[in-house]
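Trainee: Contents of structure12.txt (compact mmCIF, C-alpha atoms and all ligand atoms) are given next:
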# COMPACT_ATOMS: atom_id res chain seq x y z
CA MET U 1 21.44 -21.23 -4.32
CA SER U 2 24.83 -21.21 -2.71
CA ASP U 3 25.50 -19.37 0.58
CA THR U 4 22.41 -20.76 2.37
CA ILE U 5 20.61 -18.51 4.83
CA LYS U 6 22.47 -18.18 8.08
CA TYR U 7 20.10 -17.22 10.84
CA THR U 8 22.45 -14.67 12.38
CA THR U 9 23.03 -14.16 16.07
CA TYR U 10 21.06 -11.74 18.18
CA GLU U 11 24.25 -9.81 18.94
CA ALA U 12 25.00 -9.18 15.27
CA SER U 13 21.46 -7.92 14.71
CA LEU U 14 21.62 -5.76 17.81
CA GLU U 15 24.83 -4.16 16.60
CA ARG U 16 23.31 -3.44 13.18
CA SER U 17 20.20 -2.08 14.86
CA ARG U 18 22.26 0.29 17.04
CA LYS U 19 24.07 1.75 14.03
CA LEU U 20 20.80 2.11 12.19
CA GLU U 21 19.27 3.96 15.13
CA GLU U 22 22.13 6.48 15.11
CA ASP U 23 21.78 7.17 11.40
CA LEU U 24 17.98 7.35 11.59
CA ILE U 25 18.19 10.25 13.99
CA LEU U 26 20.54 12.09 11.63
CA HIS U 27 18.80 11.27 8.33
CA PRO U 28 15.18 10.23 8.89
CA GLU U 29 14.31 11.12 5.28
CA LYS U 30 16.59 8.37 3.90
CA TYR U 31 14.47 5.58 5.38
CA LYS U 32 11.14 3.86 5.04
CA VAL U 33 9.72 2.00 8.00
CA LEU U 34 7.54 -1.05 7.47
CA THR U 35 6.24 -3.16 10.29
CA GLY U 36 3.09 -5.07 11.07
CA ASP U 37 0.80 -7.09 13.28
CA ARG U 38 -1.41 -10.10 12.88
CA PRO U 39 -5.02 -9.18 13.61
CA THR U 40 -5.50 -11.89 16.24
CA GLY U 41 -6.78 -9.73 19.11
CA ARG U 42 -6.68 -6.36 20.76
CA LEU U 43 -3.47 -4.73 21.88
CA HIS U 44 -2.27 -4.54 25.47
CA ILE U 45 0.22 -2.40 27.35
CA GLY U 46 3.02 -4.83 26.44
CA HIS U 47 2.46 -3.85 22.80
CA LEU U 48 2.16 -0.18 23.75
CA PHE U 49 5.45 0.04 25.63
CA GLY U 50 7.23 -2.60 23.55
CA SER U 51 6.44 -1.58 19.97
CA LEU U 52 3.67 0.98 19.49
CA GLN U 53 5.49 3.83 21.17
CA ASN U 54 8.56 3.14 19.10
CA ARG U 55 6.47 3.37 15.93
CA VAL U 56 5.01 6.66 17.13
CA ARG U 57 8.51 7.95 17.80
CA LEU U 58 9.70 7.09 14.28
CA PHE U 59 6.50 8.51 12.79
CA ASN U 60 7.02 11.75 14.71
CA MET U 61 10.57 11.92 13.35
CA ASN U 62 8.84 12.15 9.98
CA VAL U 63 10.05 8.79 8.70
CA PRO U 64 7.50 7.38 6.21
CA THR U 65 5.76 4.72 8.31
CA TYR U 66 3.94 1.74 6.77
CA ILE U 67 2.00 -0.69 8.91
CA VAL U 68 0.76 -3.90 7.40
CA ILE U 69 -2.10 -5.72 9.07
CA ALA U 70 -1.16 -9.28 8.23
CA ASP U 71 -4.60 -10.85 7.93
CA TYR U 72 -3.55 -13.76 5.68
CA GLN U 73 -0.89 -14.65 8.25
CA VAL U 74 -3.61 -15.37 10.81
CA LEU U 75 -4.67 -18.36 8.72
CA THR U 76 -1.29 -20.03 9.17
CA ASP U 77 -1.75 -20.82 12.86
CA HIS U 78 -5.36 -20.02 13.76
CA ASP U 79 -8.37 -22.09 12.79
CA ALA U 80 -10.77 -19.33 13.85
CA TYR U 81 -11.35 -16.59 11.31
CA ASP U 82 -14.57 -15.02 12.57
CA GLN U 83 -12.87 -12.05 14.23
CA ILE U 84 -10.33 -11.04 11.57
CA SER U 85 -12.25 -8.03 10.27
CA GLN U 86 -13.15 -6.81 13.75
CA ASN U 87 -9.58 -7.19 14.95
CA THR U 88 -8.25 -5.35 11.92
CA LYS U 89 -10.40 -2.32 12.68
CA GLN U 90 -9.59 -2.49 16.38
CA LEU U 91 -5.87 -2.46 15.56
CA VAL U 92 -6.35 0.74 13.58
CA ILE U 93 -8.16 2.28 16.56
CA ASP U 94 -5.31 1.31 18.88
CA TYR U 95 -2.69 2.73 16.49
CA ILE U 96 -4.43 6.08 16.18
CA ALA U 97 -5.20 6.29 19.90
CA ALA U 98 -1.52 5.61 20.64
CA GLY U 99 -0.47 8.62 18.55
CA LEU U 100 -0.19 7.64 14.89
CA ASN U 101 -2.01 10.26 12.85
CA PRO U 102 -3.52 9.10 9.54
CA GLU U 103 -4.10 12.71 8.49
CA LYS U 104 -0.34 13.10 8.05
CA GLU U 105 1.32 12.19 4.77
CA ASN U 106 3.88 9.86 6.31
CA LEU U 107 1.47 7.18 7.57
CA CYS U 108 0.07 4.25 5.60
CA ILE U 109 -1.91 1.41 7.23
CA PHE U 110 -3.21 -1.47 5.10
CA PRO U 111 -4.29 -5.11 5.35
CA HIS U 112 -2.17 -7.21 3.00
CA SER U 113 -5.13 -9.19 1.67
CA TYR U 114 -6.30 -6.04 -0.14
CA VAL U 115 -3.07 -5.52 -2.05
CA PRO U 116 -2.89 -8.04 -4.93
CA GLU U 117 0.34 -6.54 -6.28
CA LEU U 118 2.05 -7.36 -2.98
CA ASN U 119 0.70 -10.89 -2.92
CA GLN U 120 1.86 -11.51 -6.45
CA LEU U 121 5.47 -11.02 -5.36
CA LEU U 122 5.16 -14.20 -3.33
CA LEU U 123 5.46 -16.39 -6.44
CA PRO U 124 8.86 -15.23 -7.71
CA PHE U 125 10.09 -14.93 -4.11
CA LEU U 126 9.26 -18.58 -3.40
CA THR U 127 11.68 -19.57 -6.14
CA LEU U 128 14.53 -17.77 -4.41
CA VAL U 129 14.60 -19.87 -1.23
CA SER U 130 14.82 -23.61 -0.71
CA ASN U 131 12.48 -25.87 1.23
CA SER U 132 15.21 -26.73 3.70
CA GLU U 133 15.92 -23.09 4.41
CA LEU U 134 12.26 -22.56 5.27
CA ASP U 135 12.29 -25.74 7.39
CA ARG U 136 15.15 -24.43 9.49
CA ASN U 137 13.48 -21.12 10.48
CA PRO U 138 13.70 -21.18 14.30
CA THR U 139 10.59 -19.02 14.88
CA VAL U 140 8.47 -21.19 12.57
CA LYS U 141 9.83 -24.31 14.30
CA GLU U 142 8.80 -22.93 17.68
CA GLU U 143 5.35 -21.99 16.44
CA ILE U 144 4.86 -25.47 15.03
CA ALA U 145 5.98 -27.05 18.30
CA ALA U 146 3.68 -24.77 20.30
CA SER U 147 0.68 -25.60 18.10
CA GLY U 148 0.99 -29.30 18.94
CA LYS U 149 -0.41 -30.12 15.51
CA LYS U 150 0.59 -33.27 13.61
CA THR U 151 0.09 -31.83 10.15
CA VAL U 152 1.24 -28.33 9.42
CA ASN U 153 -0.16 -26.35 6.50
CA ALA U 154 2.30 -25.10 3.89
CA GLY U 155 1.34 -21.50 4.69
CA MET U 156 3.09 -21.96 8.02
CA TYR U 157 6.40 -22.69 6.31
CA THR U 158 6.02 -20.02 3.65
CA TYR U 159 4.61 -17.08 5.61
CA PRO U 160 8.10 -15.62 6.21
CA VAL U 161 8.40 -15.34 2.41
CA HIS U 162 5.04 -13.61 2.35
CA GLN U 163 6.36 -11.31 5.06
CA ALA U 164 9.30 -10.53 2.75
CA ALA U 165 6.70 -9.51 0.17
CA ASP U 166 5.07 -7.18 2.76
CA ILE U 167 8.38 -5.46 3.34
CA LEU U 168 9.77 -5.44 -0.19
CA ALA U 169 6.52 -4.48 -1.97
CA VAL U 170 6.90 -0.96 -0.61
CA ARG U 171 10.68 -1.31 -0.57
CA GLY U 172 10.87 -0.79 3.18
CA THR U 173 14.32 -0.34 4.67
CA VAL U 174 13.73 -0.31 8.43
CA VAL U 175 11.68 -2.99 10.16
CA PRO U 176 11.02 -2.38 13.86
CA VAL U 177 10.41 -5.81 15.34
CA GLY U 178 11.05 -8.02 18.35
CA LYS U 179 13.71 -10.69 18.55
CA ASP U 180 11.39 -13.50 17.38
CA GLN U 181 11.04 -11.83 13.97
CA LEU U 182 14.78 -11.74 13.19
CA PRO U 183 14.78 -15.01 11.19
CA HIS U 184 12.06 -13.56 8.94
CA LEU U 185 14.17 -10.47 8.40
CA GLU U 186 17.07 -12.69 7.46
CA ILE U 187 14.91 -14.39 4.83
CA THR U 188 13.79 -11.00 3.54
CA ARG U 189 17.36 -9.76 3.20
CA THR U 190 18.37 -12.95 1.45
CA ILE U 191 15.47 -12.73 -1.00
CA ALA U 192 16.31 -9.10 -1.80
CA ARG U 193 19.96 -9.98 -2.35
CA ARG U 194 19.29 -13.07 -4.44
CA PHE U 195 16.74 -11.23 -6.55
CA ASN U 196 19.17 -8.39 -7.23
CA GLU U 197 21.97 -10.85 -8.07
CA LYS U 198 19.90 -13.06 -10.33
CA TYR U 199 17.94 -10.36 -12.14
CA LYS U 200 20.61 -7.80 -12.76
CA MET U 201 19.51 -4.26 -13.43
CA GLU U 202 21.41 -1.01 -13.60
CA GLN U 203 19.88 -0.14 -10.23
CA PRO U 204 19.16 -3.07 -7.89
CA VAL U 205 15.38 -3.52 -7.56
CA PHE U 206 15.35 -4.12 -3.80
CA PRO U 207 17.05 -2.55 -0.78
CA GLU U 208 18.23 -4.93 1.97
CA PRO U 209 16.09 -3.98 4.95
CA ALA U 210 17.37 -4.08 8.52
CA ALA U 211 15.66 -4.85 11.82
CA LEU U 212 15.32 -2.13 14.40
CA LEU U 213 15.17 -3.83 17.77
CA SER U 214 13.11 -2.32 20.55
CA LYS U 215 14.98 -1.01 23.58
CA THR U 216 12.19 -1.62 26.07
CA PRO U 217 12.87 -4.83 27.97
CA LEU U 218 10.29 -7.58 27.63
CA ILE U 219 7.16 -6.70 29.58
CA LYS U 220 5.93 -9.50 31.76
CA GLY U 221 2.32 -10.20 32.54
CA LEU U 222 0.62 -9.45 35.87
CA ASP U 223 1.51 -12.97 37.00
CA GLY U 224 5.12 -11.76 36.88
CA ASN U 225 6.67 -14.83 35.29
CA GLN U 226 5.69 -15.00 31.63
CA LYS U 227 5.31 -12.70 28.66
CA MET U 228 2.24 -10.49 28.76
CA SER U 229 -0.41 -11.85 26.43
CA LYS U 230 -4.16 -11.78 26.18
CA SER U 231 -4.41 -15.55 25.86
CA ARG U 232 -2.50 -16.01 29.13
CA ASN U 233 -4.97 -13.77 30.90
CA ASN U 234 -2.22 -11.65 32.42
CA ALA U 235 -2.56 -8.49 30.32
CA ILE U 236 -3.90 -4.97 30.76
CA MET U 237 -5.65 -4.24 27.47
CA LEU U 238 -5.68 -0.74 26.04
CA CYS U 239 -9.45 -1.09 25.71
CA ASN U 240 -10.00 -2.07 29.37
CA THR U 241 -11.93 0.40 31.54
CA GLU U 242 -10.35 1.96 34.62
CA ASP U 243 -12.34 -0.40 36.86
CA GLU U 244 -11.27 -3.43 34.86
CA THR U 245 -7.67 -2.25 35.12
CA ALA U 246 -7.99 -1.88 38.89
CA ALA U 247 -9.48 -5.38 39.19
CA LEU U 248 -6.69 -6.90 37.08
CA ILE U 249 -3.97 -5.23 39.12
CA LYS U 250 -5.64 -6.30 42.36
CA LYS U 251 -5.20 -9.92 41.28
CA ALA U 252 -1.55 -9.41 40.25
CA LYS U 253 1.00 -11.65 41.93
CA THR U 254 3.38 -10.27 44.56
CA ASP U 255 5.24 -12.17 47.28
CA ALA U 256 5.10 -12.84 51.01
CA GLU U 257 7.52 -10.12 52.03
CA ARG U 258 5.75 -6.94 53.10
CA HIS U 259 8.56 -4.42 52.69
CA ILE U 260 8.81 -3.36 49.04
CA THR U 261 12.26 -3.43 47.42
CA TYR U 262 13.37 -3.36 43.79
CA ASP U 263 15.12 -6.67 43.27
CA PRO U 264 14.51 -8.00 39.74
CA GLU U 265 16.67 -11.10 40.40
CA ASN U 266 14.93 -12.40 43.49
CA ARG U 267 11.59 -10.60 43.53
CA GLY U 268 10.50 -10.77 39.90
CA GLU U 269 6.79 -10.15 40.44
CA VAL U 270 7.25 -7.05 42.60
CA ALA U 271 9.96 -5.71 40.27
CA ASN U 272 7.65 -6.12 37.29
CA LEU U 273 4.92 -4.04 38.95
CA LEU U 274 7.49 -1.39 39.87
CA ASN U 275 8.73 -1.36 36.27
CA LEU U 276 5.18 -0.80 35.06
CA ILE U 277 4.77 2.21 37.37
CA SER U 278 8.10 3.50 36.14
CA LEU U 279 7.02 3.22 32.49
CA CYS U 280 3.98 5.36 33.31
CA THR U 281 5.60 8.00 35.52
CA GLY U 282 9.22 8.02 34.37
CA GLU U 283 10.33 7.64 38.00
CA ASP U 284 13.16 5.24 38.79
CA PRO U 285 11.79 1.84 39.96
CA ALA U 286 14.18 1.68 42.93
CA ALA U 287 13.04 5.13 44.06
CA ILE U 288 9.40 4.05 43.83
CA ALA U 289 10.21 0.99 45.95
CA ASP U 290 11.90 3.19 48.58
CA ARG U 291 8.91 5.47 48.73
CA ILE U 292 6.45 2.60 49.15
CA GLY U 293 8.60 0.57 51.57
CA ASP U 294 6.41 -0.70 54.38
CA GLY U 295 3.28 0.36 52.50
CA GLY U 296 3.51 -3.18 51.11
CA GLY U 297 1.81 -4.90 48.21
CA GLY U 298 -1.47 -3.06 48.78
CA MET U 299 0.11 0.33 48.31
CA LEU U 300 2.20 -0.90 45.37
CA LYS U 301 -0.95 -2.01 43.56
CA LYS U 302 -2.80 1.16 44.43
CA GLU U 303 0.02 3.26 43.00
CA LEU U 304 0.20 1.13 39.88
CA THR U 305 -3.55 1.36 39.32
CA GLU U 306 -3.48 5.13 39.61
CA ALA U 307 -0.38 5.54 37.47
CA MET U 308 -1.63 3.20 34.75
CA ASN U 309 -5.13 4.64 34.57
CA GLU U 310 -3.82 8.17 34.49
CA TYR U 311 -1.27 7.33 31.84
CA LEU U 312 -3.81 5.56 29.63
CA ARG U 313 -6.62 8.10 30.15
CA PRO U 314 -5.99 10.26 27.04
CA LEU U 315 -5.42 7.18 24.88
CA ARG U 316 -8.61 5.55 26.13
CA LYS U 317 -10.60 8.73 25.59
CA LYS U 318 -9.39 8.88 22.00
CA ARG U 319 -10.19 5.18 21.61
CA ALA U 320 -13.75 5.69 22.77
CA GLU U 321 -14.23 8.54 20.28
CA LEU U 322 -12.83 6.45 17.42
CA GLU U 323 -15.06 3.51 18.34
CA LYS U 324 -18.02 5.75 17.58
CA ASN U 325 -16.79 6.42 14.07
CA PRO U 326 -16.36 3.10 12.19
CA GLU U 327 -16.66 4.84 8.82
CA TYR U 328 -13.60 6.89 9.59
CA ILE U 329 -11.62 3.77 10.48
CA ARG U 330 -12.64 2.16 7.18
CA SER U 331 -11.62 5.29 5.28
CA VAL U 332 -8.18 5.20 6.90
CA LEU U 333 -7.78 1.62 5.71
CA PHE U 334 -8.95 2.35 2.17
CA LYS U 335 -6.62 5.32 1.91
CA GLY U 336 -3.76 3.05 3.03
CA ILE U 337 -4.79 0.34 0.57
CA ASP U 338 -4.78 2.83 -2.34
CA ARG U 339 -1.32 3.98 -1.50
CA ALA U 340 0.08 0.51 -0.85
CA ARG U 341 -1.39 -0.73 -4.17
CA LYS U 342 0.18 2.13 -6.04
CA GLU U 343 3.62 1.55 -4.54
CA ALA U 344 3.43 -2.25 -4.75
CA GLY U 345 2.31 -1.84 -8.38
CA GLU U 346 5.42 0.18 -9.14
CA THR U 347 7.55 -2.48 -7.50
CA LEU U 348 5.82 -5.25 -9.42
CA ASP U 349 6.44 -3.37 -12.64
CA LEU U 350 10.17 -3.21 -11.88
CA VAL U 351 10.12 -6.89 -10.95
CA ARG U 352 8.44 -7.82 -14.25
CA THR U 353 10.95 -5.78 -16.19
CA ALA U 354 13.87 -7.37 -14.35
CA MET U 355 12.50 -10.90 -14.87
CA ASN U 356 11.91 -10.28 -18.59
CA MET U 357 8.21 -10.84 -18.38
CA LYS U 358 7.09 -7.52 -19.67
CA ILE U 359 5.10 -7.72 -22.89
N1 LIG Q 1 4.96 -11.80 11.77
C1 LIG Q 1 4.65 -10.58 12.46
C2 LIG Q 1 4.09 -10.95 13.85
O1 LIG Q 1 3.59 -12.04 14.02
C3 LIG Q 1 3.64 -9.71 11.75
C4 LIG Q 1 4.11 -9.21 10.40
C5 LIG Q 1 3.56 -9.54 9.19
C6 LIG Q 1 5.19 -8.32 10.14
N2 LIG Q 1 4.22 -8.92 8.19
C7 LIG Q 1 5.22 -8.15 8.72
C8 LIG Q 1 6.13 -7.65 10.94
C9 LIG Q 1 6.18 -7.35 8.12
C10 LIG Q 1 7.09 -6.85 10.32
C11 LIG Q 1 7.11 -6.70 8.91
O2 LIG Q 1 4.13 -10.14 14.74
Output the file's structure in the form of structure tokens.
Ligand code: TRP
Mentor:
Amino acid sequence: MSDTIKYTTYEASLERSRKLEEDLILHPEKYKVLTGDRPTGRLHIGHLFGSLQNRVRLFNMNVPTYIVIADYQVLTDHDAYDQISQNTKQLVIDYIAAGLNPEKENLCIFPHSYVPELNQLLLPFLTLVSNSELDRNPTVKEEIAASGKKTVNAGMYTYPVHQAADILAVRGTVVPVGKDQLPHLEITRTIARRFNEKYKMEQPVFPEPAALLSKTPLIKGLDGNQKMSKSRNNAIMLCNTEDETAALIKKAKTDAERHITYDPENRGEVANLLNLISLCTGEDPAAIADRIGDGGGGMLKKELTEAMNEYLRPLRKKRAELEKNPEYIRSVLFKGIDRARKEAGETLDLVRTAMNMKI
């Protein structure tokens, strides 16, 4: 294995992502989107504005859209497993409520644990990367450091290879992800390339997928200084009620200055709340600040509560309807599983042929 994996710079990935975005708009039919989530909890507005809406946009452009619910991946860094099934179904509810329509041909949602053909790709893929390459993965290193654990299970080091199997099983070409996932994309591209080079076929078996980076800036939590996340207790969940949303916003951090201005550098907390209003109403954050002015933090929060609840109302209504129909949610998953198994089976067949294992 010469040319060891270089975890490329953010700028290089951003440039590739920009070009991809331009071509996607012109030729949506050429591409296949695959992305995914770990079923570790419910989704919040950070997910909605940061990734879900981008998926809906691609889906509405008619690009075939595959979403893997990475349930095995949960086991790599979570000891608790009692909520995996619940969380999986809740993710599906959030996806549909946000605008993905499973009745359309171009959507496929599946948990990877139900697709043996995908999981089987892990074995040959593991032979295409070295231990030291997996050791150097910056995202995995961070996750290990954050876990504070002395012994790390081997699944933690190898899950990026499993993620490559998620993407390559359906031969996905576009992977909409955040910055932290870029090293995993690099591993996926390397595996595809090494496979094609080692097991030569007339047509290469795998495409080299590219990351599509989200354009929405990172959404901070209601405390204004760290990433929004459920575990940090600073998130507005899609499943929250309007009253819960109001209570959460009431507790949000602002600062001592009464007059509201939009100053992301020096007044991060206030700017974050203004940005959230702007995401809901489309109004410019500086213009919102001007309008509120001496109305102060109280008025800012009142406006945000109204804007957020109004914006989320249709989504939450849809959510509530879907919650009443668990059988439908299961049927969406089983339909996705059938399709993913069929496509992953075709890929596995090509892989077997290429590796000379066909009998
Ligand atoms: N690792 C991703 C996360 O933690 C989830 C994921 C699993 C994924 N498989 C994927 C993302 C395939 C994109 C493509 O968010």
Trainee: Write out as CSV the residues of chain U that have any atom within 7 Å of an atom of ligand LIG 1 (chain Q), one row each with the nearest atom pair and its distance in Å to one decimal, counting only C-alpha atoms and all ligand atoms, sorted by chain and then rising number.
Mentor:
residue,atom,partner,partner_atom,distance
U:Leu34,CA,Q:LIG1,C11,5.8
U:Thr35,CA,Q:LIG1,C10,3.8
U:Gly36,CA,Q:LIG1,C6,4.0
U:Asp37,CA,Q:LIG1,C3,4.2
U:Arg38,CA,Q:LIG1,C3,5.2
U:Val68,CA,Q:LIG1,N2,6.1
U:Ile69,CA,Q:LIG1,C5,6.8
U:Ala70,CA,Q:LIG1,C5,4.8
U:Gln73,CA,Q:LIG1,C5,6.8
U:Gln163,CA,Q:LIG1,N2,4.5
U:Ala164,CA,Q:LIG1,C9,7.0
U:Asp166,CA,Q:LIG1,C9,5.5
U:Ile167,CA,Q:LIG1,C9,5.6
U:Val175,CA,Q:LIG1,C10,6.0
U:Pro176,CA,Q:LIG1,C10,6.9
U:Val177,CA,Q:LIG1,C10,6.1
U:Gln181,CA,Q:LIG1,N1,6.5
Trainee: Take the selection from the previous step and output its residues with C-alpha atoms, as a CSV table (one decimal), in the coordinates of the input.
Mentor:
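Done, and the output landed in result.csv:
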chain,number,residue,atom,x,y,z
U,34,LEU,CA,7.5,-1.0,7.5
U,35,THR,CA,6.2,-3.2,10.3
U,36,GLY,CA,3.1,-5.1,11.1
U,37,ASP,CA,0.8,-7.1,13.3
U,38,ARG,CA,-1.4,-10.1,12.9
U,68,VAL,CA,0.8,-3.9,7.4
U,69,ILE,CA,-2.1,-5.7,9.1
U,70,ALA,CA,-1.2,-9.3,8.2
U,73,GLN,CA,-0.9,-14.6,8.2
U,163,GLN,CA,6.4,-11.3,5.1
U,164,ALA,CA,9.3,-10.5,2.8
U,166,ASP,CA,5.1,-7.2,2.8
U,167,ILE,CA,8.4,-5.5,3.3
U,175,VAL,CA,11.7,-3.0,10.2
U,176,PRO,CA,11.0,-2.4,13.9
U,177,VAL,CA,10.4,-5.8,15.3
U,181,GLN,CA,11.0,-11.8,14.0
Trainee: So that I can check the surroundings of U:Val270, please list as a PyMOL selection string every protein, DNA and RNA residue that reaches within 8 Å of it, counting all atoms listed in the file and ignoring chain neighbours fewer than 3 positions away.
Mentor: chain U and resi 224+253-255+260-264+267+273-274
Trainee: If you count all atoms listed in the file, which residues fall within 7 Å of U:Thr216, apart from same-chain ones fewer than 2 positions away, as a VMD selection string?
Mentor: chain U and resid 49 to 50 214 218
Trainee: As a compact mmCIF listing (two decimals) with C-alpha atoms, in the coordinates of the input, please: the residues near U:Arg330 (cut-off 12 Å, only C-alpha atoms, same-chain neighbours under 5 positions excluded).
Mentor:
# COMPACT_ATOMS: atom_id res chain seq x y z
CA SER U 85 -12.25 -8.03 10.27
CA GLN U 86 -13.15 -6.81 13.75
CA THR U 88 -8.25 -5.35 11.92
CA LYS U 89 -10.40 -2.32 12.68
CA GLN U 90 -9.59 -2.49 16.38
CA LEU U 91 -5.87 -2.46 15.56
CA VAL U 92 -6.35 0.74 13.58
CA ILE U 93 -8.16 2.28 16.56
CA PRO U 102 -3.52 9.10 9.54
CA ILE U 109 -1.91 1.41 7.23
CA PHE U 110 -3.21 -1.47 5.10
CA PRO U 111 -4.29 -5.11 5.35
CA LEU U 322 -12.83 6.45 17.42
CA GLU U 323 -15.06 3.51 18.34
CA ASN U 325 -16.79 6.42 14.07
CA LYS U 335 -6.62 5.32 1.91
CA GLY U 336 -3.76 3.05 3.03
CA ILE U 337 -4.79 0.34 0.57
Trainee: With all atoms listed in the file as the counted atoms, please give the residues lying no more than 9 Å from stretch 19-30 of chain U, apart from itself and same-chain residues fewer than 5 positions off, as a list in words.
Mentor: Leu14, Leu58, Met61, Asn62, Val63, Pro64, Val174, Ala210, Ala211 and Leu212 of chain U
Trainee: Report as a compact mmCIF listing (two decimals) with C-alpha atoms, keeping the file's coordinate frame all protein, DNA and RNA residues lying within 12 Å of U:Ala320, evaluated on all atoms listed in the file, omitting residues in the same chain fewer than 4 positions from it.
Mentor:
# COMPACT_ATOMS: atom_id res chain seq x y z
CA GLN U 90 -9.59 -2.49 16.38
CA ILE U 93 -8.16 2.28 16.56
CA ASP U 94 -5.31 1.31 18.88
CA ILE U 96 -4.43 6.08 16.18
CA ALA U 97 -5.20 6.29 19.90
CA LEU U 238 -5.68 -0.74 26.04
CA CYS U 239 -9.45 -1.09 25.71
CA ASN U 240 -10.00 -2.07 29.37
CA THR U 241 -11.93 0.40 31.54
CA ARG U 313 -6.62 8.10 30.15
CA PRO U 314 -5.99 10.26 27.04
CA LEU U 315 -5.42 7.18 24.88
CA ARG U 316 -8.61 5.55 26.13
CA LYS U 324 -18.02 5.75 17.58
CA ASN U 325 -16.79 6.42 14.07
CA PRO U 326 -16.36 3.10 12.19
Trainee: Residues of stretch 133-236 of chain U that approach stretch 246-249 of chain U to 9 Å or less, counting all atoms listed in the file: could you list each one with the shortest pair of atoms and its distance in Å to one decimal, rows by chain and increasing residue number, as a tab-separated table?
Mentor:
residue	atom	partner	partner_atom	distance
U:Leu222	CA	U:Ile249	CA	7.0
U:Asn234	CA	U:Leu248	CA	8.0
U:Ala235	CA	U:Leu248	CA	8.1
U:Ile236	CA	U:Leu248	CA	7.2
Trainee: Using all atoms listed in the file, what residues lie at most 12 Å away from (-2.8, -11.1, -3.3) (file coordinates), given as a ChimeraX atom specification?
Mentor: /U:70-72,111-123,162,165-166,169,341,344-345
Trainee: Taking all atoms listed in the file into account, which of U:Pro39, U:Gly172, U:Pro209, U:Gly178 comes nearest U:Arg16?
Mentor: U:Pro209
Trainee: Could you tell me how far atom CA of U:Gln226 sits from atom CA of U:Asp294, in Å to one decimal place?
Mentor: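 Separation of atom CA of U:Asp294 and atom CA of U:Gln226: 26.9 Å.
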Trainee: Would you kindly identify which residues have an atom no farther than 7 Å from (17.7, 2.3, 1.0), using all atoms listed in the file and the file's own coordinates, and write them out as a VMD selection string?
Mentor: chain U and resid 30 to 31 173 207
Trainee: Which of these, U:Met237, U:Ile277, U:Ala271, U:Met201, has the shortest distance to U:Glu310 once you count all atoms listed in the file?
Mentor: U:Ile277
Trainee: Listed atoms of stretch 27-37 of chain U, axis-aligned box, 5 Å per side: centre and edge lengths to one decimal in Å, as JSON?
Mentor:
{"center_x": 9.8, "center_y": 2.1, "center_z": 8.6, "size_x": 28.0, "size_y": 28.4, "size_z": 19.4}
Trainee: Could you tell me how far atom CA of U:Glu303 lies from atom CA of U:Gly46, in Å and to one decimal?
Mentor: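 About the pair atom CA of U:Glu303 and atom CA of U:Gly46: they are 18.7 Å apart.
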Trainee: Looking at U:Cys108, U:Val332, U:Leu279, U:Ala252, which one is nearest to U:Gly297, with distances taken over all atoms listed in the file?
Mentor: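 The answer is U:Ala252, which sits nearest to U:Gly297.
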Trainee: Could you rebuild stretch 341-348 of chain U with N, CA, C and O atoms and give me the result as a PDB file, in the coordinates of the input?
Mentor:
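What ended up in result.pdb:
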ATOM      1  N   ARG U 341      -1.222  -0.123  -2.841  1.00  0.00           N
ATOM      2  CA  ARG U 341      -1.390  -0.730  -4.170  1.00  0.00           C
ATOM      3  C   ARG U 341      -0.581   0.016  -5.213  1.00  0.00           C
ATOM      4  O   ARG U 341       0.020  -0.591  -6.101  1.00  0.00           O
ATOM      5  N   LYS U 342      -0.564   1.335  -5.075  1.00  0.00           N
ATOM      6  CA  LYS U 342       0.180   2.130  -6.040  1.00  0.00           C
ATOM      7  C   LYS U 342       1.678   1.805  -5.942  1.00  0.00           C
ATOM      8  O   LYS U 342       2.331   1.525  -6.936  1.00  0.00           O
ATOM      9  N   GLU U 343       2.183   1.798  -4.705  1.00  0.00           N
ATOM     10  CA  GLU U 343       3.620   1.550  -4.540  1.00  0.00           C
ATOM     11  C   GLU U 343       3.992   0.112  -4.876  1.00  0.00           C
ATOM     12  O   GLU U 343       5.018  -0.152  -5.507  1.00  0.00           O
ATOM     13  N   ALA U 344       3.145  -0.834  -4.448  1.00  0.00           N
ATOM     14  CA  ALA U 344       3.430  -2.250  -4.750  1.00  0.00           C
ATOM     15  C   ALA U 344       3.336  -2.469  -6.263  1.00  0.00           C
ATOM     16  O   ALA U 344       4.073  -3.285  -6.828  1.00  0.00           O
ATOM     17  N   GLY U 345       2.436  -1.737  -6.924  1.00  0.00           N
ATOM     18  CA  GLY U 345       2.310  -1.840  -8.380  1.00  0.00           C
ATOM     19  C   GLY U 345       3.583  -1.368  -9.074  1.00  0.00           C
ATOM     20  O   GLY U 345       4.032  -1.987 -10.048  1.00  0.00           O
ATOM     21  N   GLU U 346       4.157  -0.310  -8.559  1.00  0.00           N
ATOM     22  CA  GLU U 346       5.420   0.180  -9.140  1.00  0.00           C
ATOM     23  C   GLU U 346       6.533  -0.850  -8.946  1.00  0.00           C
ATOM     24  O   GLU U 346       7.335  -1.099  -9.846  1.00  0.00           O
ATOM     25  N   THR U 347       6.543  -1.451  -7.763  1.00  0.00           N
ATOM     26  CA  THR U 347       7.550  -2.480  -7.500  1.00  0.00           C
ATOM     27  C   THR U 347       7.358  -3.674  -8.430  1.00  0.00           C
ATOM     28  O   THR U 347       8.308  -4.179  -9.033  1.00  0.00           O
ATOM     29  N   LEU U 348       6.108  -4.105  -8.566  1.00  0.00           N
ATOM     30  CA  LEU U 348       5.820  -5.250  -9.420  1.00  0.00           C
ATOM     31  C   LEU U 348       6.230  -4.969 -10.870  1.00  0.00           C
ATOM     32  O   LEU U 348       6.740  -5.850 -11.569  1.00  0.00           O
TER      33      LEU U 348
END
